[in-house]
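Notes for the one structure printed next.
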Amino acid sequence: KIKVMTHYGNGIPACVICGESRLDCLSIDHINGNGNKHRKEILKVGGGIHFYRWLVKNGFPEGYRTLCMNDQFIEKHKQRI
């Protein structure tokens, strides 16, 4: 998780919006949305560690960023407006 959060956190394991760095507060955001749909397409089991492993195995593809759960919620709300 630290490796993935660091990569998508621009070199530090922290939210790219607010700087929150508590690992338990961080998640990977699909920048263009549709994260649930994408995870269901690529994984046979849920997200979390399986999704982090997929990101590493696939060479850290573009289109993701590290966000804290608060900013993740705010960004999803913005998409609905």
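Ligands are numbered from 1 in the order shown, chains are lettered A, B, ... in the order of the structure tokens, and residues start at 1 in each chain.
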- Query: Can you list, as a ChimeraX atom specification, every protein, DNA or RNA residue that comes within 10 Å of stretch 73-79 of chain A when you count only C-alpha atoms, leaving out same-chain residues fewer than 4 positions away?
  - Reply: /A:29,31-33,67-69
- Can you list, as a PyMOL selection string, every protein, DNA or RNA residue that comes within 12 Å of A:Thr6 when you count only C-alpha atoms, leaving out same-chain residues fewer than 5 positions away? chain A and resi 1+11-16+19+21+23+26-28+52+56+60+64-67
Can I get the selection written as a short mmCIF file (atom, residue, chain, number, x, y, z; two decimals), in the first residue's frame, with all heavy atoms?
```
data_model
loop_
_atom_site.label_atom_id
_atom_site.label_comp_id
_atom_site.auth_asym_id
_atom_site.auth_seq_id
_atom_site.Cartn_x
_atom_site.Cartn_y
_atom_site.Cartn_z
N LYS A 1 0.84 -1.19 0.00
CA LYS A 1 0.00 0.00 0.00
C LYS A 1 0.87 1.25 0.00
O LYS A 1 0.59 2.19 -0.73
CB LYS A 1 -0.94 -0.03 1.21
CG LYS A 1 -1.88 1.15 1.24
CD LYS A 1 -2.92 1.03 2.35
CE LYS A 1 -3.85 2.22 2.33
NZ LYS A 1 -4.92 2.10 3.32
N GLY A 11 5.30 11.00 -5.14
CA GLY A 11 6.55 10.79 -4.43
C GLY A 11 6.45 10.71 -2.92
O GLY A 11 7.42 10.41 -2.24
N ILE A 12 5.27 11.00 -2.37
CA ILE A 12 5.06 10.86 -0.93
C ILE A 12 3.71 10.19 -0.69
O ILE A 12 2.76 10.43 -1.45
CB ILE A 12 5.13 12.21 -0.18
CG1 ILE A 12 4.09 13.20 -0.72
CG2 ILE A 12 6.51 12.81 -0.23
CD1 ILE A 12 3.96 14.45 0.10
N PRO A 13 3.59 9.36 0.33
CA PRO A 13 2.31 8.72 0.60
C PRO A 13 1.35 9.69 1.29
O PRO A 13 1.21 9.71 2.51
CB PRO A 13 2.68 7.53 1.49
CG PRO A 13 3.91 7.99 2.20
CD PRO A 13 4.63 8.89 1.23
N ALA A 14 0.74 10.57 0.50
CA ALA A 14 -0.14 11.59 1.05
C ALA A 14 -1.19 12.00 0.01
O ALA A 14 -0.98 11.84 -1.19
CB ALA A 14 0.67 12.82 1.46
N CYS A 15 -2.29 12.53 0.49
CA CYS A 15 -3.36 13.03 -0.38
C CYS A 15 -2.81 14.16 -1.25
O CYS A 15 -2.17 15.09 -0.73
CB CYS A 15 -4.52 13.54 0.48
SG CYS A 15 -5.88 14.28 -0.45
N VAL A 16 -3.06 14.08 -2.55
CA VAL A 16 -2.53 15.11 -3.45
C VAL A 16 -3.30 16.42 -3.34
O VAL A 16 -2.86 17.44 -3.86
CB VAL A 16 -2.51 14.63 -4.92
CG1 VAL A 16 -1.58 13.44 -5.08
CG2 VAL A 16 -3.90 14.30 -5.45
N GLY A 19 -2.82 16.88 1.54
CA GLY A 19 -1.58 16.49 2.20
C GLY A 19 -1.73 15.50 3.34
O GLY A 19 -0.74 15.14 3.98
N SER A 21 -1.51 12.44 5.48
CA SER A 21 -0.53 11.38 5.29
C SER A 21 -0.75 10.15 6.16
O SER A 21 0.04 9.21 6.10
CB SER A 21 0.88 11.94 5.55
OG SER A 21 0.99 12.39 6.89
N LEU A 23 -1.78 6.76 6.70
CA LEU A 23 -2.00 5.69 5.73
C LEU A 23 -3.42 5.13 5.78
O LEU A 23 -4.02 4.83 4.74
CB LEU A 23 -0.97 4.59 5.94
CG LEU A 23 -0.77 3.62 4.78
CD1 LEU A 23 -0.37 4.35 3.51
CD2 LEU A 23 0.28 2.59 5.15
N LEU A 26 -5.91 7.02 3.55
CA LEU A 26 -5.64 7.18 2.11
C LEU A 26 -6.24 6.08 1.26
O LEU A 26 -6.38 4.94 1.70
CB LEU A 26 -4.13 7.23 1.87
CG LEU A 26 -3.37 8.34 2.59
CD1 LEU A 26 -1.88 8.22 2.30
CD2 LEU A 26 -3.90 9.71 2.16
N SER A 27 -6.58 6.45 0.03
CA SER A 27 -7.09 5.49 -0.94
C SER A 27 -6.67 5.93 -2.34
O SER A 27 -6.18 7.04 -2.52
CB SER A 27 -8.62 5.40 -0.86
OG SER A 27 -9.21 6.63 -1.21
N ILE A 28 -6.87 5.04 -3.28
CA ILE A 28 -6.56 5.37 -4.68
C ILE A 28 -7.84 5.81 -5.36
O ILE A 28 -8.87 5.13 -5.29
CB ILE A 28 -5.94 4.16 -5.40
CG1 ILE A 28 -4.57 3.84 -4.81
CG2 ILE A 28 -5.82 4.42 -6.91
CD1 ILE A 28 -3.54 4.95 -4.94
N TYR A 52 -4.17 -2.80 -5.37
CA TYR A 52 -2.81 -2.26 -5.28
C TYR A 52 -1.83 -3.16 -6.03
O TYR A 52 -0.96 -2.69 -6.76
CB TYR A 52 -2.36 -2.10 -3.83
CG TYR A 52 -3.26 -1.23 -2.99
CD1 TYR A 52 -3.46 -1.50 -1.65
CD2 TYR A 52 -3.92 -0.12 -3.53
CE1 TYR A 52 -4.29 -0.71 -0.86
CE2 TYR A 52 -4.75 0.66 -2.76
CZ TYR A 52 -4.93 0.36 -1.43
OH TYR A 52 -5.74 1.15 -0.66
N VAL A 56 0.63 -2.25 -9.34
CA VAL A 56 2.08 -2.51 -9.41
C VAL A 56 2.39 -3.43 -10.59
O VAL A 56 3.28 -3.14 -11.39
CB VAL A 56 2.60 -3.12 -8.08
CG1 VAL A 56 4.05 -3.55 -8.22
CG2 VAL A 56 2.44 -2.11 -6.93
N PHE A 60 2.04 0.71 -12.79
CA PHE A 60 1.48 1.98 -12.32
C PHE A 60 0.85 2.78 -13.47
O PHE A 60 1.33 3.84 -13.84
CB PHE A 60 2.53 2.84 -11.61
CG PHE A 60 3.09 2.21 -10.37
CD1 PHE A 60 4.35 1.63 -10.38
CD2 PHE A 60 2.37 2.21 -9.19
CE1 PHE A 60 4.88 1.05 -9.23
CE2 PHE A 60 2.89 1.64 -8.03
CZ PHE A 60 4.14 1.05 -8.05
N TYR A 64 -4.81 7.61 -12.06
CA TYR A 64 -5.07 7.39 -10.64
C TYR A 64 -4.33 8.44 -9.82
O TYR A 64 -3.36 9.03 -10.29
CB TYR A 64 -4.59 6.00 -10.20
CG TYR A 64 -5.20 4.90 -11.02
CD1 TYR A 64 -4.53 4.40 -12.13
CD2 TYR A 64 -6.44 4.37 -10.69
CE1 TYR A 64 -5.09 3.40 -12.90
CE2 TYR A 64 -7.00 3.37 -11.47
CZ TYR A 64 -6.33 2.88 -12.56
OH TYR A 64 -6.89 1.90 -13.32
N ARG A 65 -4.80 8.64 -8.59
CA ARG A 65 -4.12 9.55 -7.66
C ARG A 65 -4.43 9.12 -6.24
O ARG A 65 -5.42 8.42 -5.99
CB ARG A 65 -4.55 10.99 -7.90
CG ARG A 65 -6.04 11.20 -7.67
CD ARG A 65 -6.48 12.58 -8.03
NE ARG A 65 -7.95 12.65 -7.98
CZ ARG A 65 -8.63 13.75 -8.19
NH1 ARG A 65 -7.99 14.88 -8.46
NH2 ARG A 65 -9.94 13.74 -8.12
N THR A 66 -3.59 9.53 -5.32
CA THR A 66 -3.80 9.24 -3.91
C THR A 66 -4.65 10.35 -3.30
O THR A 66 -4.32 11.53 -3.42
CB THR A 66 -2.45 9.17 -3.17
OG1 THR A 66 -1.66 8.13 -3.74
CG2 THR A 66 -2.65 8.88 -1.69
N LEU A 67 -5.76 9.96 -2.70
CA LEU A 67 -6.62 10.91 -2.00
C LEU A 67 -6.95 10.38 -0.62
O LEU A 67 -7.00 9.17 -0.41
CB LEU A 67 -7.95 11.11 -2.75
CG LEU A 67 -7.94 11.83 -4.08
CD1 LEU A 67 -9.38 11.99 -4.58
CD2 LEU A 67 -7.26 13.18 -4.01
#
```
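With only C-alpha atoms as the atoms that count, the residue of A:Ile2, A:Tyr8, A:Asp24, A:His50 with the shortest distance to A:Glu62 is A:Tyr8.
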